[in-house]
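Data file: input29.tsv. Format and content: TSV, C-alpha atoms and all ligand atoms.
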chain	number	residue	atom	x	y	z
A	1	MET	CA	-62.73	-190.13	-7.15
A	2	SER	CA	-61.09	-193.40	-7.97
A	3	ASN	CA	-63.13	-194.29	-11.03
A	4	PHE	CA	-64.29	-190.91	-12.26
A	5	GLY	CA	-64.97	-191.96	-15.84
A	6	ASN	CA	-67.22	-194.89	-14.91
A	7	GLN	CA	-69.29	-192.70	-12.63
A	8	VAL	CA	-69.84	-190.02	-15.27
A	9	GLN	CA	-70.70	-192.69	-17.82
A	10	PHE	CA	-73.18	-194.32	-15.44
A	11	GLN	CA	-74.89	-191.02	-14.63
A	12	VAL	CA	-75.62	-190.66	-18.33
A	13	TYR	CA	-76.73	-194.23	-19.07
A	14	GLN	CA	-79.02	-194.44	-16.05
A	15	THR	CA	-81.24	-191.77	-17.63
A	16	MET	CA	-81.84	-194.09	-20.58
A	17	GLN	CA	-85.60	-194.36	-19.94
A	18	HIS	CA	-86.00	-190.56	-19.88
A	19	PRO	CA	-83.05	-188.83	-21.42
A	20	ASP	CA	-83.05	-185.07	-20.87
A	21	PRO	CA	-84.14	-183.52	-24.18
A	22	ASN	CA	-82.07	-180.40	-23.39
A	23	ARG	CA	-78.88	-182.25	-22.66
A	24	LEU	CA	-75.63	-180.50	-23.37
A	25	PRO	CA	-73.45	-182.03	-26.09
A	26	VAL	CA	-71.00	-184.85	-25.51
A	27	VAL	CA	-69.36	-184.84	-28.94
A	28	TYR	CA	-66.64	-182.18	-29.07
A	29	GLU	CA	-67.52	-181.05	-32.59
A	30	GLU	CA	-71.11	-180.41	-31.49
A	31	TRP	CA	-69.95	-177.94	-28.84
A	32	GLU	CA	-68.04	-176.11	-31.52
A	33	LYS	CA	-71.03	-176.09	-33.83
A	34	LYS	CA	-73.45	-174.92	-31.13
A	35	ALA	CA	-71.06	-172.15	-30.16
A	36	ARG	CA	-70.96	-171.08	-33.81
A	37	ASP	CA	-74.79	-170.95	-33.78
A	38	VAL	CA	-75.04	-168.72	-30.71
A	39	LEU	CA	-72.18	-166.30	-31.38
A	40	GLU	CA	-71.93	-163.44	-33.86
A	41	ASP	CA	-69.10	-163.59	-36.41
A	42	GLY	CA	-66.84	-161.22	-34.44
A	43	PRO	CA	-66.72	-163.12	-31.13
A	44	TYR	CA	-66.90	-166.55	-32.77
A	45	TYR	CA	-63.90	-165.99	-35.00
A	46	TYR	CA	-62.04	-164.27	-32.17
A	47	ILE	CA	-62.14	-167.65	-30.41
A	48	ALA	CA	-61.96	-170.05	-33.33
A	49	GLY	CA	-59.58	-168.10	-35.55
A	50	GLY	CA	-55.82	-168.19	-35.58
A	51	ALA	CA	-52.83	-166.46	-37.11
A	52	GLY	CA	-52.51	-166.20	-40.88
A	53	GLY	CA	-53.87	-169.16	-42.80
A	54	GLY	CA	-54.50	-171.27	-39.67
A	55	LYS	CA	-51.70	-173.77	-40.41
A	56	THR	CA	-50.51	-173.89	-36.81
A	57	MET	CA	-54.00	-174.60	-35.53
A	58	GLU	CA	-54.22	-177.52	-37.95
A	59	ALA	CA	-50.76	-178.75	-36.97
A	60	ASN	CA	-51.70	-178.66	-33.29
A	61	LEU	CA	-54.55	-181.07	-33.89
A	62	ASN	CA	-52.75	-183.28	-36.42
A	63	ALA	CA	-49.76	-183.72	-34.11
A	64	PHE	CA	-51.80	-185.97	-31.83
A	65	ASP	CA	-52.34	-188.38	-34.73
A	66	GLN	CA	-48.57	-188.83	-35.03
A	67	TRP	CA	-48.65	-190.88	-31.85
A	68	ASN	CA	-50.64	-194.03	-31.11
A	69	ILE	CA	-51.34	-195.59	-27.75
A	70	MET	CA	-50.31	-199.23	-27.25
A	71	PRO	CA	-52.76	-200.50	-24.62
A	72	ARG	CA	-51.64	-203.10	-22.07
A	73	MET	CA	-53.95	-205.75	-20.62
A	74	LEU	CA	-54.52	-207.46	-17.24
A	75	ARG	CA	-53.10	-204.72	-15.04
A	76	ASN	CA	-55.75	-204.18	-12.34
A	77	VAL	CA	-56.93	-200.71	-13.21
A	78	GLU	CA	-60.00	-200.69	-10.99
A	79	ASP	CA	-58.91	-197.93	-8.60
A	80	ARG	CA	-57.32	-195.01	-10.30
A	81	ASP	CA	-55.56	-191.85	-9.29
A	82	LEU	CA	-55.71	-188.73	-11.46
A	83	THR	CA	-53.95	-186.40	-9.04
A	84	VAL	CA	-50.81	-184.47	-9.88
A	85	GLU	CA	-48.37	-182.45	-7.83
A	86	LEU	CA	-47.31	-179.00	-8.88
A	87	PHE	CA	-45.21	-176.64	-6.79
A	88	GLY	CA	-45.88	-178.57	-3.59
A	89	LYS	CA	-49.65	-178.69	-4.06
A	90	THR	CA	-51.74	-181.70	-5.01
A	91	TYR	CA	-54.39	-181.10	-7.64
A	92	ASN	CA	-57.35	-183.41	-8.37
A	93	TYR	CA	-56.66	-183.75	-12.08
A	94	PRO	CA	-53.83	-183.28	-14.57
A	95	ILE	CA	-55.59	-180.35	-16.26
A	96	LEU	CA	-55.85	-176.60	-15.77
A	97	HIS	CA	-58.07	-174.03	-17.40
A	98	ALA	CA	-55.88	-172.09	-19.85
A	99	PRO	CA	-55.68	-168.31	-19.51
A	100	ILE	CA	-58.27	-166.83	-21.84
A	101	GLY	CA	-58.99	-163.13	-22.05
A	102	VAL	CA	-62.19	-161.26	-22.90
A	103	GLN	CA	-64.56	-164.05	-21.86
A	104	SER	CA	-67.31	-161.43	-21.59
A	105	ILE	CA	-67.67	-161.54	-25.39
A	106	ILE	CA	-68.56	-165.23	-25.20
A	107	HIS	CA	-71.24	-165.32	-22.50
A	108	GLU	CA	-72.62	-162.89	-19.95
A	109	GLU	CA	-71.27	-165.07	-17.12
A	110	GLY	CA	-67.81	-164.61	-18.62
A	111	ASP	CA	-64.77	-165.09	-16.38
A	112	LEU	CA	-66.95	-165.65	-13.32
A	113	GLY	CA	-68.79	-168.56	-14.95
A	114	SER	CA	-65.52	-170.27	-15.84
A	115	ALA	CA	-64.07	-169.55	-12.40
A	116	ARG	CA	-67.10	-171.10	-10.72
A	117	ALA	CA	-66.87	-174.24	-12.87
A	118	CYS	CA	-63.19	-174.68	-12.07
A	119	ALA	CA	-63.67	-173.98	-8.36
A	120	GLU	CA	-66.37	-176.64	-8.13
A	121	MET	CA	-64.08	-179.21	-9.68
A	122	GLY	CA	-60.84	-178.16	-7.98
A	123	ILE	CA	-59.30	-177.40	-11.37
A	124	PRO	CA	-56.91	-174.44	-11.24
A	125	PHE	CA	-58.33	-171.49	-13.16
A	126	THR	CA	-55.67	-169.38	-14.84
A	127	VAL	CA	-56.97	-165.82	-14.87
A	128	SER	CA	-55.79	-163.80	-17.85
A	129	SER	CA	-54.35	-160.31	-17.59
A	130	ALA	CA	-57.03	-159.59	-20.20
A	131	SER	CA	-59.97	-160.76	-18.10
A	132	THR	CA	-62.97	-158.47	-18.19
A	133	VAL	CA	-63.62	-158.98	-14.49
A	134	PRO	CA	-60.71	-157.79	-12.33
A	135	MET	CA	-58.60	-160.52	-10.72
A	136	GLU	CA	-59.69	-159.58	-7.16
A	137	LYS	CA	-63.36	-160.09	-7.97
A	138	ILE	CA	-62.65	-163.48	-9.51
A	139	ALA	CA	-60.57	-164.40	-6.46
A	140	GLU	CA	-63.39	-163.38	-4.15
A	141	LYS	CA	-65.82	-165.66	-6.01
A	142	MET	CA	-63.37	-168.56	-5.93
A	143	GLY	CA	-62.75	-168.58	-2.17
A	144	ASP	CA	-60.03	-171.11	-1.40
A	145	ALA	CA	-60.17	-172.78	-4.82
A	146	PRO	CA	-56.87	-172.96	-6.72
A	147	ARG	CA	-56.09	-170.18	-9.16
A	148	TRP	CA	-53.09	-168.96	-11.13
A	149	PHE	CA	-52.54	-165.56	-12.73
A	150	GLN	CA	-51.34	-165.06	-16.30
A	151	LEU	CA	-49.23	-161.98	-16.86
A	152	TYR	CA	-49.08	-159.99	-20.05
A	153	TRP	CA	-45.83	-158.18	-19.43
A	154	SER	CA	-46.73	-154.58	-20.04
A	155	LYS	CA	-44.52	-151.90	-21.54
A	156	ASP	CA	-45.17	-149.98	-18.33
A	157	PRO	CA	-43.10	-151.63	-15.55
A	158	ASP	CA	-45.28	-150.03	-12.87
A	159	VAL	CA	-48.33	-151.84	-14.23
A	160	THR	CA	-46.41	-155.12	-14.41
A	161	VAL	CA	-45.27	-154.82	-10.79
A	162	SER	CA	-48.73	-153.80	-9.69
A	163	PHE	CA	-50.31	-156.85	-11.42
A	164	LEU	CA	-47.81	-159.15	-9.69
A	165	GLN	CA	-48.53	-157.63	-6.30
A	166	ARG	CA	-52.28	-157.74	-6.79
A	167	ALA	CA	-52.14	-161.40	-7.85
A	168	GLU	CA	-50.08	-162.35	-4.82
A	169	LYS	CA	-52.36	-160.42	-2.49
A	170	SER	CA	-55.54	-161.98	-3.85
A	171	GLY	CA	-54.45	-165.59	-3.45
A	172	TYR	CA	-53.12	-166.61	-6.85
A	173	SER	CA	-50.52	-169.31	-6.33
A	174	ALA	CA	-48.43	-169.11	-9.53
A	175	ILE	CA	-47.61	-166.58	-12.25
A	176	VAL	CA	-47.81	-167.65	-15.88
A	177	VAL	CA	-45.86	-165.22	-18.04
A	178	THR	CA	-46.98	-165.40	-21.64
A	179	LEU	CA	-44.01	-164.76	-23.90
A	180	ASP	CA	-45.50	-165.31	-27.33
A	181	THR	CA	-47.64	-162.19	-27.45
A	182	PRO	CA	-45.45	-159.08	-27.37
A	183	MET	CA	-47.93	-157.93	-30.03
A	184	LEU	CA	-51.00	-159.41	-31.66
A	185	ALA	CA	-50.39	-161.54	-34.73
A	186	TRP	CA	-51.87	-161.07	-38.18
A	187	ARG	CA	-55.29	-162.60	-37.56
A	188	GLU	CA	-57.13	-162.72	-40.84
A	189	TYR	CA	-60.64	-163.28	-39.50
A	190	ASP	CA	-60.46	-160.55	-36.88
A	191	LEU	CA	-59.20	-158.15	-39.54
A	192	LYS	CA	-61.89	-159.27	-41.96
A	193	ASN	CA	-64.58	-158.81	-39.29
A	194	VAL	CA	-62.95	-155.56	-38.08
A	195	TYR	CA	-63.20	-156.96	-34.57
A	196	LEU	CA	-60.89	-156.33	-31.64
A	197	PRO	CA	-62.84	-156.63	-28.38
A	198	PHE	CA	-60.40	-154.52	-26.35
A	199	LEU	CA	-61.38	-151.46	-28.33
A	200	LEU	CA	-64.92	-151.96	-27.04
A	201	GLY	CA	-63.54	-151.88	-23.50
A	202	GLU	CA	-63.81	-155.68	-23.07
A	203	GLY	CA	-60.95	-157.53	-21.41
A	204	LEU	CA	-59.57	-154.47	-19.64
A	205	GLY	CA	-60.84	-155.18	-16.12
A	206	ASN	CA	-57.38	-155.54	-14.60
A	207	TYR	CA	-56.04	-152.41	-16.28
A	208	LEU	CA	-58.94	-150.05	-15.62
A	209	THR	CA	-58.88	-150.90	-11.90
A	210	ASP	CA	-55.10	-150.78	-11.59
A	211	PRO	CA	-53.71	-147.92	-9.48
A	212	ALA	CA	-50.51	-147.68	-11.57
A	213	PHE	CA	-52.46	-147.66	-14.85
A	214	ARG	CA	-54.99	-145.13	-13.56
A	215	SER	CA	-52.33	-142.82	-12.15
A	216	LYS	CA	-51.11	-142.12	-15.68
A	217	LEU	CA	-54.50	-141.11	-17.06
A	218	GLU	CA	-55.57	-137.51	-17.14
A	219	LYS	CA	-59.15	-138.46	-16.30
A	220	PRO	CA	-60.38	-141.70	-14.70
A	221	PRO	CA	-61.67	-144.32	-17.16
A	222	GLU	CA	-65.21	-143.87	-15.80
A	223	GLU	CA	-65.13	-140.29	-17.14
A	224	ASP	CA	-63.10	-140.84	-20.28
A	225	PRO	CA	-63.14	-144.47	-21.37
A	226	THR	CA	-61.75	-143.76	-24.83
A	227	SER	CA	-58.50	-142.27	-23.54
A	228	ALA	CA	-58.12	-145.19	-21.14
A	229	ILE	CA	-58.52	-147.66	-23.99
A	230	MET	CA	-55.99	-145.71	-26.07
A	231	GLN	CA	-53.57	-145.76	-23.15
A	232	TRP	CA	-54.02	-149.54	-22.97
A	233	THR	CA	-53.11	-149.90	-26.66
A	234	GLN	CA	-49.86	-148.05	-25.91
A	235	ILE	CA	-48.74	-150.27	-23.04
A	236	PHE	CA	-50.27	-153.72	-23.67
A	237	GLY	CA	-47.35	-155.65	-25.17
A	238	ASN	CA	-43.63	-155.19	-24.84
A	239	PRO	CA	-41.59	-156.26	-27.87
A	240	ARG	CA	-38.37	-154.87	-26.31
A	241	LEU	CA	-38.12	-157.59	-23.65
A	242	THR	CA	-35.09	-159.90	-23.53
A	243	TRP	CA	-34.01	-162.74	-21.26
A	244	ASP	CA	-32.13	-160.26	-19.07
A	245	ASP	CA	-35.46	-158.79	-18.02
A	246	ILE	CA	-36.51	-162.01	-16.28
A	247	THR	CA	-34.66	-160.92	-13.13
A	248	PHE	CA	-37.10	-158.01	-12.89
A	249	LEU	CA	-40.00	-160.43	-12.44
A	250	ARG	CA	-38.11	-162.51	-9.91
A	251	GLU	CA	-37.43	-159.37	-7.88
A	252	HIS	CA	-41.13	-158.60	-7.67
A	253	THR	CA	-42.77	-161.88	-6.81
A	254	ASN	CA	-42.18	-164.85	-4.56
A	255	LEU	CA	-44.67	-166.99	-6.43
A	256	PRO	CA	-43.52	-169.73	-8.81
A	257	ILE	CA	-42.99	-168.26	-12.29
A	258	LEU	CA	-43.87	-170.27	-15.40
A	259	LEU	CA	-43.07	-169.21	-18.93
A	260	LYS	CA	-45.84	-169.89	-21.43
A	261	GLY	CA	-45.13	-170.07	-25.13
A	262	VAL	CA	-41.79	-171.89	-25.09
A	263	LEU	CA	-41.32	-174.01	-28.23
A	264	HIS	CA	-37.55	-174.27	-28.72
A	265	PRO	CA	-35.36	-176.43	-26.48
A	266	ASP	CA	-32.76	-173.66	-26.32
A	267	ASP	CA	-35.38	-171.36	-24.80
A	268	ALA	CA	-36.13	-174.09	-22.25
A	269	LYS	CA	-32.41	-174.07	-21.42
A	270	LEU	CA	-32.46	-170.29	-21.04
A	271	ALA	CA	-35.52	-170.56	-18.78
A	272	MET	CA	-33.57	-172.91	-16.50
A	273	GLU	CA	-30.54	-170.62	-16.50
A	274	HIS	CA	-32.78	-167.73	-15.46
A	275	GLY	CA	-34.24	-169.50	-12.45
A	276	ILE	CA	-37.70	-170.10	-13.87
A	277	ASP	CA	-39.95	-172.58	-12.03
A	278	GLY	CA	-41.92	-174.13	-14.88
A	279	ILE	CA	-42.57	-174.13	-18.61
A	280	ILE	CA	-45.76	-174.25	-20.62
A	281	VAL	CA	-45.07	-175.51	-24.12
A	282	SER	CA	-47.63	-173.68	-26.22
A	283	ASN	CA	-48.11	-171.80	-29.46
A	284	HIS	CA	-51.11	-169.93	-28.08
A	285	GLY	CA	-53.47	-172.24	-29.92
A	286	GLY	CA	-52.00	-171.23	-33.28
A	287	ARG	CA	-52.98	-167.61	-32.73
A	288	GLN	CA	-49.51	-166.08	-33.01
A	289	VAL	CA	-47.09	-167.67	-35.52
A	290	ASP	CA	-48.66	-169.21	-38.61
A	291	GLY	CA	-46.67	-172.23	-39.75
A	292	SER	CA	-45.18	-172.82	-36.30
A	293	ILE	CA	-44.16	-176.16	-34.89
A	294	SER	CA	-47.11	-177.73	-33.08
A	295	ALA	CA	-46.95	-177.72	-29.31
A	296	LEU	CA	-47.08	-181.50	-29.03
A	297	GLU	CA	-44.18	-181.87	-31.48
A	298	ALA	CA	-42.12	-179.42	-29.45
A	299	LEU	CA	-42.88	-181.12	-26.14
A	300	PRO	CA	-40.57	-184.21	-26.03
A	301	GLN	CA	-37.39	-182.31	-26.89
A	302	ILE	CA	-38.15	-179.70	-24.25
A	303	VAL	CA	-38.92	-182.40	-21.68
A	304	ASP	CA	-35.58	-184.06	-22.50
A	305	THR	CA	-33.78	-180.73	-22.14
A	306	VAL	CA	-35.36	-179.92	-18.80
A	307	GLN	CA	-34.60	-183.38	-17.31
A	308	GLU	CA	-37.28	-183.11	-14.63
A	309	LYS	CA	-35.62	-180.05	-13.09
A	310	MET	CA	-38.98	-178.27	-13.28
A	311	PRO	CA	-42.48	-179.14	-14.46
A	312	VAL	CA	-43.20	-178.89	-18.17
A	313	MET	CA	-46.83	-178.44	-19.12
A	314	MET	CA	-48.46	-178.02	-22.50
A	315	ASP	CA	-51.47	-176.64	-24.30
A	316	SER	CA	-52.64	-176.06	-27.88
A	317	GLY	CA	-54.80	-178.81	-29.32
A	318	ILE	CA	-56.17	-180.66	-26.29
A	319	ARG	CA	-59.66	-181.76	-27.32
A	320	ARG	CA	-60.24	-185.29	-26.01
A	321	GLY	CA	-59.08	-187.66	-23.28
A	322	SER	CA	-56.55	-189.42	-25.46
A	323	ASP	CA	-54.90	-186.05	-26.19
A	324	VAL	CA	-54.35	-185.49	-22.47
A	325	LEU	CA	-52.94	-188.99	-22.15
A	326	LYS	CA	-50.54	-188.55	-25.06
A	327	ALA	CA	-49.25	-185.20	-23.81
A	328	ILE	CA	-48.61	-186.66	-20.36
A	329	ALA	CA	-46.94	-189.70	-21.92
A	330	LEU	CA	-44.61	-187.34	-23.78
A	331	GLY	CA	-43.61	-185.76	-20.49
A	332	ALA	CA	-46.15	-183.07	-19.64
A	333	THR	CA	-46.94	-182.87	-15.92
A	334	ALA	CA	-50.37	-181.49	-16.78
A	335	VAL	CA	-52.14	-179.81	-19.71
A	336	LEU	CA	-54.14	-176.64	-20.16
A	337	VAL	CA	-57.51	-176.62	-21.85
A	338	GLY	CA	-58.46	-173.58	-23.92
A	339	ARG	CA	-60.99	-173.44	-26.75
A	340	PRO	CA	-63.12	-176.40	-25.59
A	341	CYS	CA	-63.90	-174.48	-22.39
A	342	MET	CA	-64.82	-171.41	-24.41
A	343	TYR	CA	-67.25	-173.36	-26.57
A	344	GLY	CA	-68.76	-174.71	-23.34
A	345	LEU	CA	-69.02	-171.18	-21.98
A	346	ALA	CA	-70.65	-169.90	-25.17
A	347	VAL	CA	-73.27	-172.66	-25.16
A	348	ALA	CA	-74.19	-172.80	-21.48
A	349	GLY	CA	-72.10	-170.41	-19.35
A	350	GLY	CA	-70.23	-171.87	-16.37
A	351	LYS	CA	-72.37	-175.01	-16.54
A	352	GLY	CA	-71.09	-175.60	-20.05
A	353	VAL	CA	-67.48	-175.21	-18.94
A	354	GLN	CA	-68.05	-177.72	-16.16
A	355	GLU	CA	-69.67	-180.18	-18.57
A	356	VAL	CA	-66.81	-179.89	-21.07
A	357	LEU	CA	-64.18	-180.42	-18.37
A	358	THR	CA	-66.10	-183.30	-16.78
A	359	ASN	CA	-66.48	-185.07	-20.11
A	360	LEU	CA	-62.82	-184.52	-20.99
A	361	LEU	CA	-61.69	-185.97	-17.66
A	362	ALA	CA	-64.08	-188.92	-17.84
A	363	ASP	CA	-62.80	-189.71	-21.32
A	364	MET	CA	-59.21	-189.34	-20.14
A	365	ASP	CA	-59.75	-191.54	-17.08
A	366	LEU	CA	-61.40	-194.34	-19.06
A	367	THR	CA	-58.81	-194.19	-21.84
A	368	MET	CA	-56.01	-194.31	-19.26
A	369	ALA	CA	-57.57	-197.37	-17.60
A	370	LEU	CA	-58.21	-199.13	-20.90
A	371	ALA	CA	-54.61	-198.48	-21.91
A	372	GLY	CA	-53.51	-200.31	-18.75
A	373	LYS	CA	-52.51	-197.44	-16.44
A	374	LYS	CA	-54.05	-196.73	-13.08
A	375	SER	CA	-52.48	-193.39	-12.27
A	376	VAL	CA	-51.20	-190.29	-13.98
A	377	ALA	CA	-47.84	-190.99	-12.35
A	378	GLU	CA	-47.60	-194.31	-14.25
A	379	ILE	CA	-48.12	-192.77	-17.68
A	380	ASP	CA	-44.89	-192.69	-19.67
A	381	ARG	CA	-43.51	-192.64	-23.17
A	382	SER	CA	-43.35	-196.44	-23.42
A	383	MET	CA	-47.11	-196.54	-23.97
A	384	LEU	CA	-46.84	-194.61	-27.23
A	385	ARG	CA	-45.63	-195.50	-30.69
A	386	LYS	CA	-44.90	-192.93	-33.38
A	387	THR	CA	-46.93	-193.53	-36.53
A	388	MET	CA	-44.95	-194.29	-39.67
B	401	LIG	C1	-56.27	-167.40	-25.68
B	401	LIG	N1	-55.02	-167.63	-25.12
B	401	LIG	C2	-54.50	-166.75	-24.20
B	401	LIG	N2	-53.30	-166.99	-23.61
B	401	LIG	C3	-52.81	-166.17	-22.66
B	401	LIG	O1	-51.73	-166.43	-22.15
B	401	LIG	N3	-53.52	-165.06	-22.31
B	401	LIG	C4	-54.72	-164.74	-22.84
B	401	LIG	O2	-55.34	-163.75	-22.49
B	401	LIG	C5	-55.23	-165.60	-23.85
B	401	LIG	N4	-56.41	-165.31	-24.47
B	401	LIG	C6	-56.96	-166.21	-25.35
B	401	LIG	C7	-58.20	-165.94	-25.92
B	401	LIG	C8	-58.80	-166.88	-26.75
B	401	LIG	C9	-60.15	-166.60	-27.31
B	401	LIG	C10	-58.13	-168.09	-27.04
B	401	LIG	C11	-58.77	-169.16	-27.91
B	401	LIG	C12	-56.88	-168.34	-26.53
B	401	LIG	C13	-54.28	-168.88	-25.42
B	401	LIG	C14	-54.68	-170.01	-24.45
B	401	LIG	O3	-54.18	-169.78	-23.17
B	401	LIG	C15	-54.11	-171.37	-24.94
B	401	LIG	O4	-52.74	-171.25	-25.15
B	401	LIG	C16	-54.80	-171.83	-26.22
B	401	LIG	O5	-56.19	-171.67	-26.12
B	401	LIG	C17	-54.47	-173.29	-26.50
B	401	LIG	O6	-54.96	-173.69	-27.74
B	401	LIG	P1	-56.33	-174.54	-27.91
B	401	LIG	O7	-56.10	-175.89	-27.31
B	401	LIG	O8	-57.38	-173.78	-27.21
B	401	LIG	O9	-56.55	-174.58	-29.39

Let me see the structure of the file written as structure tokens.
Ligand code: FNR
Amino acid sequence: MSNFGNQVQFQVYQTMQHPDPNRLPVVYEEWEKKARDVLEDGPYYYIAGGAGGGKTMEANLNAFDQWNIMPRMLRNVEDRDLTVELFGKTYNYPILHAPIGVQSIIHEEGDLGSARACAEMGIPFTVSSASTVPMEKIAEKMGDAPRWFQLYWSKDPDVTVSFLQRAEKSGYSAIVVTLDTPMLAWREYDLKNVYLPFLLGEGLGNYLTDPAFRSKLEKPPEEDPTSAIMQWTQIFGNPRLTWDDITFLREHTNLPILLKGVLHPDDAKLAMEHGIDGIIVSNHGGRQVDGSISALEALPQIVDTVQEKMPVMMDSGIRRGSDVLKAIALGATAVLVGRPCMYGLAVAGGKGVQEVLTNLLADMDLTMALAGKKSVAEIDRSMLRKTM
């Protein structure tokens, strides 16, 4: 669509005589508030909470205010192009759905609702290792629609290899390896609420159906779920990993490998030295290291280090169209959207996710046009000024 934002806008305004009384929110903060209303404390804070005192979450949002857009005029922005290229494929928009585990605690449609929303829009859905629905079932629902798989690198190498093989077999086109979660951080609200969804058996769909995981259980999880969950707690994260282990992944998949959670330019350098295909600059939405550098702050230095040798993407703090624009201007090829999708899911299932993503893209498209750019490819650092 060449003027996506105008069309979405028009669809809304043309209902002016009879606006739908049950309309879903437009204002981002209202999604968050509605999600708060429909969710219990445990699930709500599992989404909204972060590590420690929440400083990184704050920093992620504040970082966008450190940059201002300098709009340009008279540039013929009538027909616009939001497509981006990643690993030889063209995608409709410069956004992906971030990997988010345990979506079953948010809405009964869970992973499948989000997958449907993304498939309808042609937005790549990144399926988490911690999805409640196994990756094959999600793949089946998505048909030919683009999807990536996020790997939590397990302590058990057989499970890791099995996940990679399953992802490749079921049509995932890239592997996102999340590096920032070798263990869960100190999350004050989850501890306060005594809430860890995995212990309820949520978010284990890929593990409980995995032949390598199952082969090490005395009894199948259907007969003895508690032992299976305990086994999962033993193998989930792997704090022993080092850069030398990257070759192990390369040996077991032909798909492009992206590292998610890179924040230091020296780690970006190491990623290049180890033959990695892409980087996702992220601090996991402030859920791992309290007091960390924000993802947007980390982005330009990493982009400069990588020198266009591979795509650099980012997440952590994307809420509105101007955020997407600023991240792309600072060198991101595309961005991943996390919590906003989950608030959409909580409020209205897959339909909510689609509404959130549609609104975000419409906002982004209009802001891009009004700033004087007619394609994602044209967006560059010269359109931004750092605030004093
Ligand atoms: C996440 N994130 C995440 N990342 C990942 O690699 N695997 C996962 O399973 C999850 N699970 C997950 C659950 C929930 C509830 C949240 C909020 C986040 C992190 C996610 O991919 C992304 O990095 C953040 O959501 C980005 O921050 P914002 O923009 O959502 O604040």

Box time for ligand LIG 401 (chain B): axis-aligned, enclosing all its listed atoms, 3 Å extra on each side; report centre and edge lengths in Å to one decimal, as lines of an AutoDock Vina configuration file.
center_x = -55.9
center_y = -169.8
center_z = -25.8
size_x = 14.4
size_y = 18.1
size_z = 13.2

Would you list the contacts of A:Asn254 as a ChimeraX atom specification, taking every protein, DNA or RNA residue within 12 Å and counting only C-alpha atoms, but skipping same-chain residues closer than 3 positions in sequence?
-> /A:164-165,167-169,172-175,248-251,257,276-277

Set the cut-off to 8 Å, count all atoms listed in the file, and list whatever residues fall near ligand LIG 401 (chain B) as a ChimeraX atom specification.
-> /A:46-49,57,60,98-103,128-131,150-152,176-178,181,260-261,282-287,315-319,336-340,342

If you count all atoms listed in the file, which residues fall within 9 Å of A:Gln66, apart from same-chain ones fewer than 4 positions away, as a tab-separated table (two decimals) with C-alpha atoms, keeping the file's coordinate frame?
chain	number	residue	atom	x	y	z
A	62	ASN	CA	-52.75	-183.28	-36.42
A	297	GLU	CA	-44.18	-181.87	-31.48
A	385	ARG	CA	-45.63	-195.50	-30.69
A	386	LYS	CA	-44.90	-192.93	-33.38
A	387	THR	CA	-46.93	-193.53	-36.53
A	388	MET	CA	-44.95	-194.29	-39.67

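Closest approach to A:Val289 among A:Pro71, A:Ala377, A:Gly143, A:Lys55 is made by A:Lys55 (distances from only C-alpha atoms).
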
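One finds atom CA of A:Asp180 at 17.6 Å from atom CA of A:His274.
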
Distance of atom CA of A:Ala348 from atom CA of A:Lys141, expressed in Å to one decimal place | 19.0 Å

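Reported to one decimal place, the separation of atom CA of A:Pro311 from atom CA of A:Met364 is 20.4 Å.
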
Excluding A:Thr209 and residues on its chain fewer than 2 positions from it, collect all residues at most 12 Å away from it, counting all atoms listed in the file, and give them as a CSV table (one decimal) with C-alpha atoms, in the coordinates of the input.
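Listing of part-v9.csv after writing:
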chain,number,residue,atom,x,y,z
A,129,SER,CA,-54.4,-160.3,-17.6
A,131,SER,CA,-60.0,-160.8,-18.1
A,132,THR,CA,-63.0,-158.5,-18.2
A,133,VAL,CA,-63.6,-159.0,-14.5
A,134,PRO,CA,-60.7,-157.8,-12.3
A,135,MET,CA,-58.6,-160.5,-10.7
A,136,GLU,CA,-59.7,-159.6,-7.2
A,137,LYS,CA,-63.4,-160.1,-8.0
A,159,VAL,CA,-48.3,-151.8,-14.2
A,162,SER,CA,-48.7,-153.8,-9.7
A,163,PHE,CA,-50.3,-156.8,-11.4
A,166,ARG,CA,-52.3,-157.7,-6.8
A,203,GLY,CA,-61.0,-157.5,-21.4
A,204,LEU,CA,-59.6,-154.5,-19.6
A,205,GLY,CA,-60.8,-155.2,-16.1
A,206,ASN,CA,-57.4,-155.5,-14.6
A,207,TYR,CA,-56.0,-152.4,-16.3
A,211,PRO,CA,-53.7,-147.9,-9.5
A,212,ALA,CA,-50.5,-147.7,-11.6
A,213,PHE,CA,-52.5,-147.7,-14.8
A,214,ARG,CA,-55.0,-145.1,-13.6
A,215,SER,CA,-52.3,-142.8,-12.2
A,217,LEU,CA,-54.5,-141.1,-17.1
A,220,PRO,CA,-60.4,-141.7,-14.7
A,221,PRO,CA,-61.7,-144.3,-17.2
A,222,GLU,CA,-65.2,-143.9,-15.8
A,228,ALA,CA,-58.1,-145.2,-21.1

Which polymer residues have any atom within 12 Å of an atom of stretch 243-247 of chain A, counting only C-alpha atoms, with same-chain residues fewer than 5 positions away left out, as JSON, numbers by chain?
-> {"A": [153, 155, 157, 177, 179, 238, 252, 253, 257, 258, 259, 267, 268, 269, 270, 271, 272, 273, 274, 275, 276, 277]}

Go ahead and find all residues with at least one atom no further than 10 Å from (-54.1, -194.8, -28.7) in the file's coordinates, using all atoms listed in the file; report them as number ranges by chain.
-> A: 64-65, 67-71, 322-323, 325-326, 367-368, 370-371, 383-385

Residue contacts of A:Leu345 (9 Å, only C-alpha atoms) excluding same-chain residues fewer than 6 positions away, as a ChimeraX atom specification | /A:35,103,106-107,109-110,113-114,351-354

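When only C-alpha atoms are used to measure the gap to A:Ser292, the shortest distance among A:Asp20, A:Glu58, A:Glu188, A:Glu308 belongs to A:Glu58.
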